[in-house]
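For reference, run-v6.pdb is printed below; it contains PDB, C-alpha atoms.
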```pdb
ATOM      1  CA  PRO A 291     -80.350  76.816 -32.111  1.00  0.00           C
ATOM      2  CA  GLY A 292     -77.610  78.755 -30.342  1.00  0.00           C
ATOM      3  CA  THR A 293     -79.899  79.750 -27.465  1.00  0.00           C
ATOM      4  CA  ALA A 294     -80.177  78.443 -23.910  1.00  0.00           C
ATOM      5  CA  VAL A 295     -81.572  79.427 -20.543  1.00  0.00           C
ATOM      6  CA  VAL A 296     -78.850  79.108 -17.885  1.00  0.00           C
ATOM      7  CA  VAL A 297     -79.715  78.237 -14.292  1.00  0.00           C
ATOM      8  CA  ASP A 298     -76.753  78.991 -12.017  1.00  0.00           C
ATOM      9  CA  ALA A 299     -73.288  79.488 -13.435  1.00  0.00           C
ATOM     10  CA  GLY A 300     -71.262  77.130 -11.286  1.00  0.00           C
ATOM     11  CA  PRO A 301     -67.992  77.856  -9.510  1.00  0.00           C
ATOM     12  CA  GLU A 302     -65.620  78.191 -12.483  1.00  0.00           C
ATOM     13  CA  PRO A 303     -65.886  80.730 -15.339  1.00  0.00           C
ATOM     14  CA  ARG A 304     -63.812  78.682 -17.812  1.00  0.00           C
ATOM     15  CA  ALA A 305     -65.905  75.572 -17.267  1.00  0.00           C
ATOM     16  CA  VAL A 306     -69.278  77.215 -17.951  1.00  0.00           C
ATOM     17  CA  ASP A 307     -67.846  79.163 -20.897  1.00  0.00           C
ATOM     18  CA  ARG A 308     -66.437  75.965 -22.406  1.00  0.00           C
ATOM     19  CA  CYS A 309     -69.714  74.111 -21.839  1.00  0.00           C
ATOM     20  CA  LEU A 310     -71.826  76.811 -23.483  1.00  0.00           C
ATOM     21  CA  SER A 311     -69.321  77.176 -26.332  1.00  0.00           C
ATOM     22  CA  ASP A 312     -69.312  73.415 -26.944  1.00  0.00           C
ATOM     23  CA  LEU A 313     -73.114  73.569 -27.162  1.00  0.00           C
ATOM     24  CA  GLY A 314     -72.945  76.509 -29.590  1.00  0.00           C
ATOM     25  CA  VAL A 315     -74.789  78.853 -27.227  1.00  0.00           C
ATOM     26  CA  GLU A 316     -74.451  82.472 -28.342  1.00  0.00           C
ATOM     27  CA  THR A 317     -77.629  83.890 -26.777  1.00  0.00           C
ATOM     28  CA  VAL A 318     -78.885  83.497 -23.225  1.00  0.00           C
ATOM     29  CA  PRO A 319     -82.361  85.037 -23.049  1.00  0.00           C
ATOM     30  CA  LEU A 320     -82.526  84.333 -19.306  1.00  0.00           C
ATOM     31  CA  LEU A 321     -79.870  83.569 -16.709  1.00  0.00           C
ATOM     32  CA  VAL A 322     -81.179  82.569 -13.267  1.00  0.00           C
ATOM     33  CA  LEU A 323     -79.079  82.653 -10.087  1.00  0.00           C
ATOM     34  CA  THR A 324     -80.980  80.593  -7.529  1.00  0.00           C
ATOM     35  CA  HIS A 325     -78.830  81.877  -4.664  1.00  0.00           C
ATOM     36  CA  PHE A 326     -75.568  83.714  -4.137  1.00  0.00           C
ATOM     37  CA  HIS A 327     -73.256  80.979  -2.871  1.00  0.00           C
ATOM     38  CA  ALA A 328     -69.963  80.969  -4.774  1.00  0.00           C
ATOM     39  CA  ASP A 329     -70.554  77.490  -6.221  1.00  0.00           C
ATOM     40  CA  HIS A 330     -73.527  78.963  -8.105  1.00  0.00           C
ATOM     41  CA  THR A 331     -72.223  82.441  -9.006  1.00  0.00           C
ATOM     42  CA  GLU A 332     -68.444  82.503  -9.489  1.00  0.00           C
ATOM     43  CA  GLY A 333     -68.825  81.171 -13.050  1.00  0.00           C
ATOM     44  CA  LEU A 334     -70.962  84.150 -14.085  1.00  0.00           C
ATOM     45  CA  PRO A 335     -68.208  85.919 -16.089  1.00  0.00           C
ATOM     46  CA  GLY A 336     -67.800  82.763 -18.163  1.00  0.00           C
ATOM     47  CA  ALA A 337     -71.526  82.496 -18.861  1.00  0.00           C
ATOM     48  CA  LEU A 338     -71.598  86.130 -19.993  1.00  0.00           C
ATOM     49  CA  ARG A 339     -68.371  86.053 -22.059  1.00  0.00           C
ATOM     50  CA  GLY A 340     -69.168  86.830 -25.686  1.00  0.00           C
ATOM     51  CA  ARG A 341     -72.868  86.100 -25.369  1.00  0.00           C
ATOM     52  CA  ALA A 342     -75.959  88.248 -25.642  1.00  0.00           C
ATOM     53  CA  VAL A 343     -77.869  88.011 -22.363  1.00  0.00           C
ATOM     54  CA  GLY A 344     -81.481  89.182 -22.208  1.00  0.00           C
ATOM     55  CA  ALA A 345     -82.063  89.197 -18.447  1.00  0.00           C
ATOM     56  CA  ILE A 346     -80.583  87.991 -15.183  1.00  0.00           C
ATOM     57  CA  GLU A 347     -82.982  86.996 -12.415  1.00  0.00           C
ATOM     58  CA  THR A 348     -81.851  86.419  -8.842  1.00  0.00           C
ATOM     59  CA  THR A 349     -83.268  85.499  -5.499  1.00  0.00           C
ATOM     60  CA  THR A 350     -84.367  88.135  -3.006  1.00  0.00           C
ATOM     61  CA  LEU A 351     -82.485  86.312  -0.235  1.00  0.00           C
ATOM     62  CA  GLU A 352     -79.359  88.378   0.395  1.00  0.00           C
ATOM     63  CA  GLU A 353     -77.092  85.648   1.762  1.00  0.00           C
ATOM     64  CA  PRO A 354     -74.148  85.434   1.999  1.00  0.00           C
ATOM     65  CA  PRO A 355     -73.721  89.226   2.047  1.00  0.00           C
ATOM     66  CA  GLU A 356     -70.230  89.280   0.508  1.00  0.00           C
ATOM     67  CA  GLN A 357     -71.396  87.272  -2.496  1.00  0.00           C
ATOM     68  CA  VAL A 358     -74.498  89.458  -2.928  1.00  0.00           C
ATOM     69  CA  ALA A 359     -72.268  92.545  -3.075  1.00  0.00           C
ATOM     70  CA  ALA A 360     -70.067  90.932  -5.732  1.00  0.00           C
TER
END
```
Serialized structure, structure tokens:
Amino acid sequence: PGTAVVVDAGPEPRAVDRCLSDLGVETVPLLVLTHFHADHTEGLPGALRGRAVGAIETTTLEEPPEQVAA
């Protein structure tokens, strides 16, 4: 209870935060970003907000470069 693995964070921080809050998720032992396109990563601040996160795993593909840097 209160724990979930998150795969990609979506494009909107408020949406993923609301979703995880509605599910009662307080701990994310693993957050996976499958690639760095904005529609998968821009929601990251919302997934992290107020939650304990054990690890974040990402792809080794560094595309698109501006999203990788962010």
List the residues selected by the PyMOL selection byres ((chain A and resi 332) around 6) in the file shown, writing them as a ChimeraX atom specification. /A:301-302,328,331,333-334
Output file for the selection above: C-alpha atoms, as a short mmCIF file (atom, residue, chain, number, x, y, z; two decimals), in the frame of the given file:
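This is the output file result_23.cif:
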```
data_model
loop_
_atom_site.label_atom_id
_atom_site.label_comp_id
_atom_site.auth_asym_id
_atom_site.auth_seq_id
_atom_site.Cartn_x
_atom_site.Cartn_y
_atom_site.Cartn_z
CA PRO A 301 -67.99 77.86 -9.51
CA GLU A 302 -65.62 78.19 -12.48
CA ALA A 328 -69.96 80.97 -4.77
CA THR A 331 -72.22 82.44 -9.01
CA GLY A 333 -68.82 81.17 -13.05
CA LEU A 334 -70.96 84.15 -14.08
#
```
Ground truth for the PyMOL selection byres ((chain A and resi 347-349) around 6), written as JSON, numbers by chain: {"A": [322, 323, 324, 325, 346, 350, 351]}
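The environment of stretch 310-317 of chain A within 7 Å, counting only C-alpha atoms and disregarding residues fewer than 4 places along the same chain, consists of Gly292, Thr293, Ala294, Val306, Arg341, Ala342 and Val343 of chain A.
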Go ahead and dump the residues you just picked, C-alpha atoms, as a tab-separated table (two decimals), keeping the file's coordinate frame.
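File part-v2.tsv, as written:
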```tsv
chain	number	residue	atom	x	y	z
A	292	GLY	CA	-77.61	78.76	-30.34
A	293	THR	CA	-79.90	79.75	-27.46
A	294	ALA	CA	-80.18	78.44	-23.91
A	306	VAL	CA	-69.28	77.22	-17.95
A	341	ARG	CA	-72.87	86.10	-25.37
A	342	ALA	CA	-75.96	88.25	-25.64
A	343	VAL	CA	-77.87	88.01	-22.36
```
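Atom CA of A:Leu338 is positioned 11.7 Å from atom CA of A:Arg308.
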So that all listed atoms of stretch 351-358 of chain A fit with 8 Å spare on each side, what axis-aligned box centre and edge lengths in Å, to one decimal, would you give as AutoDock Vina command-line options?
```
--center_x -76.4 --center_y 87.4 --center_z -0.4 --size_x 28.3 --size_y 20.0 --size_z 21.0
```
Please compute the atom CA of A:Cys309-atom CA of A:Val358 distance, one decimal, in Å. 24.8 Å
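Rounded to one decimal, atom CA of A:Gly340 and atom CA of A:Ala299 lie 14.9 Å from each other.
Closest approach to A:Gly344 from the set A:Leu320, A:Arg304, A:Pro291, A:Val297 is made by A:Leu320, with distances taken over all atoms listed in the file.
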Enumerate, as number ranges by chain, the residues matched when the PyMOL selection byres ((chain A and resi 357) around 7) is run on the file above. A: 326-328, 354-356, 358-360
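Distances here use all atoms listed in the file; by that measure, the residue among A:Pro319, A:Val295, A:Gly300, A:Ala305 closest to A:Ala345 is A:Pro319.
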